[in-house]
file final-v8.csv (CSV, C-alpha atoms)
chain,number,residue,atom,x,y,z
A,1,MET,CA,174.3,107.7,94.2
A,2,PHE,CA,170.8,108.1,92.9
A,3,LYS,CA,171.8,109.0,89.4
A,4,TYR,CA,171.0,105.5,88.0
A,5,CYS,CA,168.1,104.8,90.3
A,6,PRO,CA,165.3,103.0,88.3
A,7,LEU,CA,162.2,105.0,87.5
A,8,PHE,CA,160.1,102.4,89.4
A,9,PHE,CA,161.5,103.5,92.7
A,10,VAL,CA,161.1,107.2,91.9
A,11,VAL,CA,157.4,106.6,91.1
A,12,LEU,CA,157.0,104.5,94.2
A,13,PHE,CA,158.5,107.1,96.4
A,14,GLY,CA,156.3,109.8,94.9
A,15,LEU,CA,153.2,107.7,95.5
A,16,LEU,CA,154.1,107.1,99.1
A,17,ILE,CA,154.0,110.9,99.8
A,18,SER,CA,151.0,111.8,97.7
A,19,SER,CA,147.3,111.8,98.4
A,20,CYS,CA,144.2,111.6,96.3
A,21,LYS,CA,140.9,113.3,96.8
A,22,VAL,CA,137.8,112.2,94.9
A,23,SER,CA,134.7,114.2,94.5
A,24,GLN,CA,131.6,113.4,92.5
A,25,VAL,CA,130.6,115.8,89.7
A,26,SER,CA,127.0,116.9,89.8
A,27,ASN,CA,124.5,116.4,87.0
A,28,GLN,CA,121.1,118.0,86.3
A,29,SER,CA,119.1,114.8,85.8
A,30,LYS,CA,120.7,111.5,87.0
A,31,ALA,CA,123.9,110.9,88.8
A,32,SER,CA,127.0,111.7,86.8
A,33,ASP,CA,129.0,108.9,85.2
A,34,THR,CA,132.3,110.8,85.8
A,35,VAL,CA,134.3,111.6,88.9
A,36,ALA,CA,137.0,114.3,89.3
A,37,VAL,CA,140.2,113.0,90.7
A,38,LYS,CA,142.3,115.7,92.4
A,39,VAL,CA,146.0,114.7,92.9
A,40,ASP,CA,148.1,116.8,95.3
A,41,THR,CA,151.7,115.7,94.8
A,42,LEU,CA,154.9,117.0,96.3
A,43,ILE,CA,158.0,117.6,94.1
A,44,THR,CA,160.6,114.8,94.6
A,45,VAL,CA,164.1,115.8,93.8
A,46,VAL,CA,166.4,113.1,92.4
A,47,ASP,CA,170.1,113.8,91.9
A,48,SER,CA,170.4,117.3,90.3
A,49,SER,CA,167.0,117.1,88.5
A,50,ALA,CA,163.5,117.4,89.7
A,51,PHE,CA,160.9,114.7,88.9
A,52,MET,CA,157.9,117.1,88.4
A,53,VAL,CA,154.3,116.2,88.6
A,54,GLN,CA,151.7,119.0,88.2
A,55,ASP,CA,150.1,119.9,91.5
A,56,SER,CA,146.2,119.6,91.8
A,57,VAL,CA,145.6,117.9,88.5
A,58,GLU,CA,142.0,117.1,87.9
A,59,ILE,CA,141.3,114.1,85.7
A,60,ASN,CA,137.8,112.9,84.5
A,61,VAL,CA,137.5,109.2,85.0
A,62,HIS,CA,134.6,107.3,83.5
A,63,ARG,CA,132.4,105.6,86.1
A,64,LEU,CA,131.2,102.4,84.6
A,65,LEU,CA,127.4,101.9,85.1
A,66,LYS,CA,126.1,98.3,85.4
A,67,ASP,CA,124.0,97.2,82.5
A,68,THR,CA,121.5,95.3,84.7
A,69,LEU,CA,120.7,95.9,88.4
A,70,SER,CA,118.8,93.6,90.7
A,71,ILE,CA,116.8,94.9,93.7
A,72,ILE,CA,115.0,92.6,96.1
A,73,GLY,CA,112.0,93.8,98.0
A,74,VAL,CA,110.2,92.0,100.8
A,75,GLY,CA,107.3,93.0,103.1
A,76,ASP,CA,106.8,93.4,106.8
A,77,ILE,CA,109.5,92.3,109.2
A,78,MET,CA,109.0,92.0,113.0
A,79,MET,CA,111.2,89.2,114.3
A,80,GLY,CA,109.7,89.1,117.8
A,81,THR,CA,108.8,91.5,120.6
A,82,ASN,CA,109.7,91.6,124.3
A,83,PHE,CA,106.5,93.6,124.9
A,84,PRO,CA,104.3,92.8,126.7
A,85,ASP,CA,106.6,90.0,127.8
A,86,GLU,CA,109.5,87.9,126.4
A,87,SER,CA,107.2,84.9,125.6
A,88,TYR,CA,106.8,86.6,122.1
A,89,LEU,CA,110.5,86.2,121.3
A,90,PRO,CA,111.7,83.4,119.1
A,91,PRO,CA,114.3,80.8,120.3
A,92,ASN,CA,118.0,81.2,119.5
A,93,GLN,CA,117.7,85.0,119.4
A,94,GLY,CA,115.8,84.6,116.0
A,95,ARG,CA,118.9,83.5,114.2
A,96,ASP,CA,117.0,80.7,112.5
A,97,LEU,CA,114.1,82.8,111.3
A,98,LEU,CA,115.7,83.7,107.9
A,99,GLU,CA,117.8,80.6,107.5
A,100,GLU,CA,115.8,79.1,104.7
A,101,VAL,CA,115.8,82.3,102.6
A,102,ASP,CA,119.0,84.1,103.3
A,103,SER,CA,120.7,82.8,100.2
A,104,VAL,CA,117.9,84.3,98.2
A,105,LEU,CA,118.0,87.6,100.0
A,106,SER,CA,121.8,88.1,99.7
A,107,ASN,CA,121.7,87.4,95.9
A,108,ALA,CA,121.0,91.0,94.7
A,109,ASP,CA,122.6,94.4,94.3
A,110,VAL,CA,120.3,95.8,96.9
A,111,THR,CA,117.9,94.1,99.4
A,112,PHE,CA,115.0,96.0,101.0
A,113,GLY,CA,112.5,95.3,103.8
A,114,ASN,CA,109.9,97.1,105.9
A,115,LEU,CA,110.8,97.2,109.6
A,116,GLU,CA,107.6,97.0,111.7
A,117,GLY,CA,108.1,98.2,115.3
A,118,VAL,CA,111.1,99.7,117.0
A,119,ILE,CA,114.5,98.3,118.0
A,120,LEU,CA,114.9,98.8,121.8
A,121,ASP,CA,115.9,96.5,124.6
A,122,ASP,CA,113.6,98.0,127.2
A,123,GLY,CA,111.9,101.2,128.3
A,124,GLY,CA,110.6,103.8,125.8
A,125,ASN,CA,107.3,105.6,125.9
A,126,ALA,CA,104.9,102.8,125.1
A,127,LYS,CA,101.6,103.7,123.4
A,128,TYR,CA,98.6,103.6,125.8
A,129,CYS,CA,96.8,100.2,125.8
A,130,LYS,CA,93.8,99.3,127.9
A,131,ASN,CA,94.8,95.7,127.6
A,132,PRO,CA,98.5,95.0,126.6
A,133,LYS,CA,97.6,91.4,125.8
A,134,ILE,CA,95.6,92.5,122.8
A,135,CYS,CA,97.4,95.8,122.0
A,136,TYR,CA,99.8,95.2,119.2
A,137,ILE,CA,102.9,97.3,119.8
A,138,PHE,CA,106.3,96.0,118.9
A,139,ARG,CA,109.7,96.4,120.6
A,140,SER,CA,112.4,94.1,119.3
A,141,PRO,CA,115.7,93.7,121.1
A,142,GLU,CA,118.8,95.2,119.6
A,143,TYR,CA,120.4,91.8,118.9
A,144,MET,CA,117.7,91.1,116.4
A,145,VAL,CA,119.1,93.5,113.8
A,146,GLN,CA,122.2,91.5,113.3
A,147,ASN,CA,119.9,88.8,111.8
A,148,LEU,CA,119.0,91.4,109.1
A,149,LYS,CA,122.6,92.3,108.4
A,150,ASP,CA,123.6,88.6,108.2
A,151,ALA,CA,120.8,87.9,105.8
A,152,GLY,CA,121.9,90.6,103.4
A,153,PHE,CA,119.5,93.5,104.0
A,154,ASP,CA,120.9,96.8,102.8
A,155,VAL,CA,118.0,99.3,103.4
A,156,MET,CA,114.9,99.3,105.5
A,157,SER,CA,111.8,101.4,105.7
A,158,THR,CA,110.9,102.9,109.1
A,159,ALA,CA,107.7,104.6,107.8
A,160,ASN,CA,104.8,102.6,109.2
A,161,ASN,CA,102.2,102.6,111.9
A,162,HIS,CA,104.5,100.8,114.4
A,163,ALA,CA,107.5,103.2,114.1
A,164,GLY,CA,106.2,105.2,117.0
A,165,ASP,CA,105.2,102.4,119.3
A,166,PHE,CA,107.7,103.5,121.9
A,167,GLY,CA,107.8,107.2,121.2
A,168,ASP,CA,111.0,109.2,120.5
A,169,PRO,CA,113.2,106.9,122.5
A,170,GLY,CA,112.2,104.0,120.2
A,171,ARG,CA,112.6,106.0,117.0
A,172,LYS,CA,116.0,107.3,118.0
A,173,ASN,CA,117.4,104.0,119.2
A,174,THR,CA,116.1,102.2,116.0
A,175,MET,CA,118.0,104.7,113.9
A,176,ARG,CA,121.1,104.4,116.1
A,177,VAL,CA,121.2,100.6,115.8
A,178,LEU,CA,120.6,100.5,112.1
A,179,ASP,CA,123.3,103.1,111.6
A,180,SER,CA,125.7,101.1,113.7
A,181,LEU,CA,125.3,98.1,111.4
A,182,LYS,CA,125.4,100.3,108.3
A,183,ILE,CA,121.9,99.3,107.3
A,184,HIS,CA,120.5,102.3,105.4
A,185,HIS,CA,117.0,103.5,106.3
A,186,ALA,CA,114.5,106.3,105.8
A,187,GLY,CA,110.9,107.2,106.5
A,188,LEU,CA,111.0,109.0,109.8
A,189,VAL,CA,110.8,112.8,109.9
A,190,ALA,CA,114.3,112.7,111.3
A,191,ARG,CA,115.5,110.7,108.3
A,192,PRO,CA,113.3,111.4,105.3
A,193,TYR,CA,115.6,109.9,102.7
A,194,THR,CA,119.0,108.3,102.3
A,195,THR,CA,121.5,107.7,99.5
A,196,PHE,CA,124.2,105.0,99.2
A,197,MET,CA,126.6,103.4,96.8
A,198,ARG,CA,126.7,99.8,95.7
A,199,GLU,CA,129.2,98.5,93.1
A,200,GLY,CA,129.6,102.0,91.5
A,201,MET,CA,125.9,102.7,91.4
A,202,LYS,CA,124.3,105.4,93.5
A,203,TYR,CA,120.9,104.6,94.9
A,204,GLY,CA,118.3,106.9,96.6
A,205,PHE,CA,115.7,105.7,99.0
A,206,ALA,CA,112.6,107.4,100.6
A,207,ALA,CA,109.6,106.0,102.5
A,208,PHE,CA,106.2,107.4,103.4
A,209,ALA,CA,103.2,106.5,105.6
A,210,PRO,CA,100.1,108.1,107.1
A,211,ASN,CA,101.4,108.0,110.7
A,212,ASN,CA,102.7,110.6,113.1
A,213,GLY,CA,106.5,111.0,113.0
A,214,THR,CA,106.8,109.6,109.5
A,215,MET,CA,107.0,111.2,106.1
A,216,SER,CA,103.4,111.8,105.1
A,217,ILE,CA,101.8,109.8,102.3
A,218,HIS,CA,99.3,112.6,102.1
A,219,ASP,CA,101.8,115.4,101.4
A,220,TYR,CA,102.3,115.2,97.7
A,221,GLU,CA,104.2,118.4,97.4
A,222,GLN,CA,106.8,117.4,99.9
A,223,ALA,CA,107.0,113.9,98.5
A,224,THR,CA,107.6,115.3,95.0
A,225,GLU,CA,110.4,117.5,96.3
A,226,ILE,CA,112.2,114.6,97.9
A,227,ILE,CA,111.9,112.2,94.9
A,228,SER,CA,112.9,114.9,92.4
A,229,HIS,CA,115.9,115.7,94.5
A,230,LEU,CA,116.9,112.0,94.7
A,231,ASP,CA,116.4,111.7,91.0
A,232,SER,CA,118.8,114.5,90.4
A,233,ILE,CA,121.6,113.0,92.4
A,234,THR,CA,121.3,109.3,92.1
A,235,ASP,CA,121.1,106.6,89.4
A,236,VAL,CA,118.1,104.7,90.8
A,237,VAL,CA,115.4,105.9,93.2
A,238,ILE,CA,113.7,103.2,95.3
A,239,VAL,CA,110.5,104.2,97.2
A,240,SER,CA,108.5,102.4,99.9
A,241,PHE,CA,105.1,103.4,101.2
A,242,HIS,CA,102.9,102.1,104.0
A,243,GLY,CA,99.3,102.5,102.9
A,244,GLY,CA,95.9,100.9,102.2
A,245,ALA,CA,93.4,99.1,104.4
A,246,GLU,CA,94.5,95.9,106.3
A,247,GLY,CA,93.5,92.3,105.9
A,248,SER,CA,92.5,89.7,103.4
A,249,LYS,CA,89.3,91.6,102.6
A,250,TYR,CA,91.4,94.4,101.2
A,251,GLN,CA,93.7,92.7,98.7
A,252,HIS,CA,92.5,94.8,95.8
A,253,VAL,CA,93.9,98.2,94.7
A,254,LEU,CA,90.9,100.5,94.7
A,255,ARG,CA,92.3,103.5,93.0
A,256,LYS,CA,90.8,105.8,95.6
A,257,ASN,CA,91.4,106.8,99.2
A,258,GLU,CA,91.3,103.9,101.7
A,259,THR,CA,90.3,104.1,105.3
A,260,PHE,CA,90.8,101.6,108.1
A,261,TYR,CA,89.4,102.1,111.6
A,262,GLY,CA,88.8,105.8,110.7
A,263,GLU,CA,92.3,106.5,109.6
A,264,ASP,CA,92.9,107.8,106.1
A,265,ARG,CA,95.5,105.3,104.6
A,266,GLY,CA,95.9,107.2,101.3
A,267,ASN,CA,95.2,106.5,97.7
A,268,VAL,CA,98.1,104.2,97.0
A,269,TYR,CA,97.5,104.0,93.2
A,270,LYS,CA,97.5,107.8,92.8
A,271,PHE,CA,100.5,108.2,95.1
A,272,ALA,CA,102.6,105.6,93.4
A,273,HIS,CA,102.0,107.0,89.9
A,274,HIS,CA,102.6,110.5,91.2
A,275,LEU,CA,106.0,109.5,92.6
A,276,ILE,CA,107.1,107.9,89.3
A,277,ASP,CA,106.1,111.1,87.6
A,278,ALA,CA,108.5,112.8,90.0
A,279,GLY,CA,111.4,110.4,89.3
A,280,ALA,CA,110.9,107.2,91.3
A,281,ASP,CA,112.1,104.0,89.6
A,282,ILE,CA,110.9,101.2,91.9
A,283,ILE,CA,108.0,101.3,94.4
A,284,PHE,CA,107.6,98.7,97.1
A,285,GLY,CA,104.3,98.9,99.0
A,286,HIS,CA,103.2,97.4,102.3
A,287,GLY,CA,100.6,97.9,105.0
A,288,PRO,CA,97.7,95.6,104.2
A,289,HIS,CA,99.5,92.5,105.6
A,290,VAL,CA,98.5,90.7,102.5
A,291,THR,CA,100.0,90.7,99.0
A,292,ARG,CA,98.6,93.1,96.4
A,293,ALA,CA,98.9,93.4,92.6
A,294,VAL,CA,101.9,94.6,90.6
A,295,ASP,CA,101.8,97.4,88.1
A,296,ILE,CA,104.0,98.9,85.4
A,297,TYR,CA,103.8,102.7,84.8
A,298,LYS,CA,106.2,104.5,82.5
A,299,ARG,CA,108.3,101.4,82.4
A,300,ARG,CA,108.8,101.6,86.2
A,301,PHE,CA,107.8,98.8,88.6
A,302,ILE,CA,105.2,99.0,91.4
A,303,ILE,CA,104.0,96.4,93.8
A,304,TYR,CA,101.2,97.7,96.1
A,305,SER,CA,101.8,95.3,99.0
A,306,LEU,CA,104.5,92.7,99.7
A,307,GLY,CA,102.6,91.2,102.6
A,308,ASN,CA,103.9,89.6,105.8
A,309,PHE,CA,107.5,88.4,105.2
A,310,CYS,CA,109.0,87.6,108.6
A,311,THR,CA,106.5,88.3,111.4
A,312,TYR,CA,106.8,86.3,114.6
A,313,ALA,CA,104.1,85.5,117.2
A,314,ARG,CA,101.9,88.6,117.0
A,315,PHE,CA,100.5,88.4,113.5
A,316,ASN,CA,97.6,86.6,111.8
A,317,LEU,CA,99.3,84.2,109.4
A,318,ARG,CA,96.2,82.2,108.3
A,319,GLY,CA,95.4,81.8,104.6
A,320,ASP,CA,96.5,84.7,102.4
A,321,ASN,CA,98.0,86.5,105.4
A,322,GLY,CA,100.8,83.9,105.5
A,323,LEU,CA,101.7,84.2,101.8
A,324,ALA,CA,104.3,86.6,100.5
A,325,PRO,CA,106.8,87.1,97.7
A,326,ILE,CA,110.5,87.7,97.7
A,327,LEU,CA,110.5,90.0,94.7
A,328,LYS,CA,113.6,90.4,92.7
A,329,VAL,CA,113.3,93.3,90.2
A,330,TYR,CA,115.8,93.7,87.4
A,331,THR,CA,116.3,97.1,85.9
A,332,LYS,CA,118.5,98.9,83.5
A,333,SER,CA,121.1,101.3,85.0
A,334,ASP,CA,118.6,104.2,84.9
A,335,GLY,CA,115.9,102.2,86.7
A,336,GLU,CA,113.8,101.1,83.7
A,337,PHE,CA,112.1,97.8,84.3
A,338,ILE,CA,113.4,94.7,82.6
A,339,LYS,CA,111.7,91.8,84.4
A,340,ALA,CA,111.1,90.5,87.9
A,341,HIS,CA,111.2,87.1,89.7
A,342,ILE,CA,109.0,85.9,92.5
A,343,THR,CA,110.3,83.5,95.1
A,344,PRO,CA,107.2,82.3,96.9
A,345,VAL,CA,107.3,82.1,100.7
A,346,ILE,CA,104.9,81.0,103.3
A,347,GLN,CA,104.7,81.5,107.1
A,348,TYR,CA,103.2,79.1,109.6
A,349,ALA,CA,102.5,80.2,113.1
A,350,PRO,CA,104.4,81.4,115.1
A,351,GLY,CA,106.3,82.7,112.0
A,352,GLY,CA,109.4,82.9,109.9
A,353,PRO,CA,109.5,82.5,106.1
A,354,ARG,CA,109.7,79.2,104.4
A,355,ILE,CA,110.0,78.5,100.6
A,356,ASP,CA,106.5,77.6,99.4
A,357,LEU,CA,106.9,74.7,97.0
A,358,LYS,CA,103.3,75.1,95.9
A,359,GLY,CA,104.0,78.7,94.7
A,360,ARG,CA,100.7,79.9,96.0
A,361,VAL,CA,101.6,83.6,96.1
A,362,ILE,CA,102.6,83.5,92.4
A,363,ASP,CA,99.0,82.4,91.6
A,364,LYS,CA,97.6,85.1,93.9
A,365,LEU,CA,99.7,87.8,92.3
A,366,LYS,CA,98.7,86.7,88.8
A,367,GLU,CA,95.0,86.7,89.8
A,368,LEU,CA,95.1,90.1,91.5
A,369,THR,CA,97.1,91.8,88.8
A,370,GLU,CA,94.9,90.6,86.0
A,371,LYS,CA,91.8,91.7,87.9
A,372,ASP,CA,93.1,95.1,89.1
A,373,PHE,CA,95.1,96.2,86.1
A,374,PRO,CA,93.6,94.5,83.0
A,375,GLU,CA,94.8,97.4,80.9
A,376,VAL,CA,98.5,96.9,81.7
A,377,PRO,CA,100.2,94.2,79.6
A,378,ILE,CA,101.9,92.2,82.4
A,379,SER,CA,102.6,88.5,82.3
A,380,ILE,CA,103.3,86.4,85.4
A,381,ASP,CA,104.1,82.8,84.5
A,382,ALA,CA,104.0,79.7,86.6
A,383,ALA,CA,107.7,80.0,87.5
A,384,GLY,CA,107.1,83.5,88.9
A,385,ILE,CA,108.7,85.5,86.1
A,386,ILE,CA,107.1,88.9,85.6
A,387,THR,CA,107.5,90.5,82.2
A,388,TYR,CA,106.1,93.6,80.5
A,389,LEU,CA,104.7,92.9,77.1
A,390,GLN,CA,104.6,96.4,75.8
A,391,GLU,CA,107.1,97.0,73.0
call {"tool": "encode", "arguments": {"input": "final-v8.csv", "output": "structure tokens"}}
result
Amino acid sequence: MFKYCPLFFVVLFGLLISSCKVSQVSNQSKASDTVAVKVDTLITVVDSSAFMVQDSVEINVHRLLKDTLSIIGVGDIMMGTNFPDESYLPPNQGRDLLEEVDSVLSNADVTFGNLEGVILDDGGNAKYCKNPKICYIFRSPEYMVQNLKDAGFDVMSTANNHAGDFGDPGRKNTMRVLDSLKIHHAGLVARPYTTFMREGMKYGFAAFAPNNGTMSIHDYEQATEIISHLDSITDVVIVSFHGGAEGSKYQHVLRKNETFYGEDRGNVYKFAHHLIDAGADIIFGHGPHVTRAVDIYKRRFIIYSLGNFCTYARFNLRGDNGLAPILKVYTKSDGEFIKAHITPVIQYAPGGPRIDLKGRVIDKLKELTEKDFPEVPISIDAAGIITYLQE
């Protein structure tokens, strides 16, 4: 009865009982642009003949790389803390904090931010404070992280001076909550780097800071190993660092080690260039709580500080402390810089980013970049477009 069965039904039946396994082929430099498809297919007998398909056939399938990638970076995020009490939490569970900028944040292949503090409803091993009212340690409730997910964040840095505010319970729960919402993260010793796929592109991410429990900004050998490894298995390597002194008096990149209250905050210029030598493609800095200059090295993009982006109630937002960019960096598929675009934002107390129609952070970035890196041919125009003039 099957003698005249159409070939369509034969193939359909074969597909229903077959399975495919896909494994990525390794490459010595960047991620491979092919994948091996292994097909394990049973033999289906039709009438007196066998419809034979070779078992375990491997086929190389070209993985199409995007011509242009867009990666957004923003600065410090602390959407409210329930320590020392809940008066420092925003209304409506913080759902309105990112409302004005979420359409910007979601309009990129990858969106990054720096998570200041820990995600923990209560408890944890709080840092010792003589006076909790003036001791700045941050513990954000778990529900806050949904706001990041809804706004389009893909990856977060956990390497900063507030990552250990509530000890190991805080670190572990922060990782657990981010994992539960599939927000990638790195920077703690327990999670030094991460990799993830977006639209066929493989990204690597690592983060560094001068603080206990984080991947050290001072350990160049270890940092080189991590970045070189990521460079060998991914298409684009994104790096975040927390470094440099804090406050509006420290907006300039000094090209030497910076200290703040006796703590060595690293030489961010040397560190950033070193990581690009090791294989990094985009470097997003933070730590000073103000915006710092941009730089291009080996056709790779660096910003030395992205400032305060979404910081509620416990941050100084006066003057330059309240200005920050949403920085959208465009690269080729191998991470080479094409251009960038600044969306200027401003925070007014108690906090939450608003589009700054005066574009003040664009002017500030232009001023700082021209002063700190006069030898680098970078143009920042009034519309916030950053271009590299080197042919």
call {"tool": "residues_around", "arguments": {"input": "final-v8.csv", "residues": "Gln347 (chain A)", "least_positions_apart": "2", "cutoff": "9 Å", "atoms": "all atoms listed in the file", "output": "list in words"}}
result
Asn308, Phe309, Cys310, Thr311, Leu317, Arg318, Asn321, Gly322, Leu323, Ala324, Val345, Ala349, Pro350, Gly351, Gly352, Pro353, Arg354, Ile355 and Asp356 of chain A
call {"tool": "residues_around", "arguments": {"input": "final-v8.csv", "residues": "region 115-130 of chain A", "least_positions_apart": "6", "cutoff": "7 Å", "atoms": "all atoms listed in the file", "output": "PyMOL selection string"}}
result
chain A and resi 76-78+137-142+156-158+160+162-163+165-167+169-171+173-174
call {"tool": "closest_residue", "arguments": {"input": "final-v8.csv", "among": "A:Ile227, A:Met215, A:Ile183, A:Val110", "to": "Ala159 (chain A)", "atoms": "only C-alpha atoms"}}
result
A:Met215
call {"tool": "closest_residue", "arguments": {"input": "final-v8.csv", "among": "A:Leu65, A:Ala108, A:Val101, A:Ile226", "to": "Lys202 (chain A)", "atoms": "all atoms listed in the file"}}
result
A:Leu65
call {"tool": "residues_around", "arguments": {"input": "final-v8.csv", "residues": "Lys182 (chain A)", "least_positions_apart": "6", "cutoff": "10 Å", "atoms": "only C-alpha atoms", "output": "PDB file with C-alpha atoms, in the coordinates of the input"}}
result
ATOM      1  CA  LYS A 149     122.600  92.300 108.400  1.00  0.00           C
ATOM      2  CA  PHE A 153     119.500  93.500 104.000  1.00  0.00           C
ATOM      3  CA  ASP A 154     120.900  96.800 102.800  1.00  0.00           C
ATOM      4  CA  VAL A 155     118.000  99.300 103.400  1.00  0.00           C
ATOM      5  CA  ARG A 176     121.100 104.400 116.100  1.00  0.00           C
TER       6      ARG A 176
END
call {"tool": "closest_residue", "arguments": {"input": "final-v8.csv", "among": "A:Ile296, A:Ile342, A:Ala278, A:Ile362", "to": "Pro377 (chain A)", "atoms": "all atoms listed in the file"}}
result
A:Ile296
call {"tool": "closest_residue", "arguments": {"input": "final-v8.csv", "among": "A:Thr111, A:Gln251, A:Ser379, A:Thr214", "to": "Asp168 (chain A)", "atoms": "all atoms listed in the file"}}
result
A:Thr214
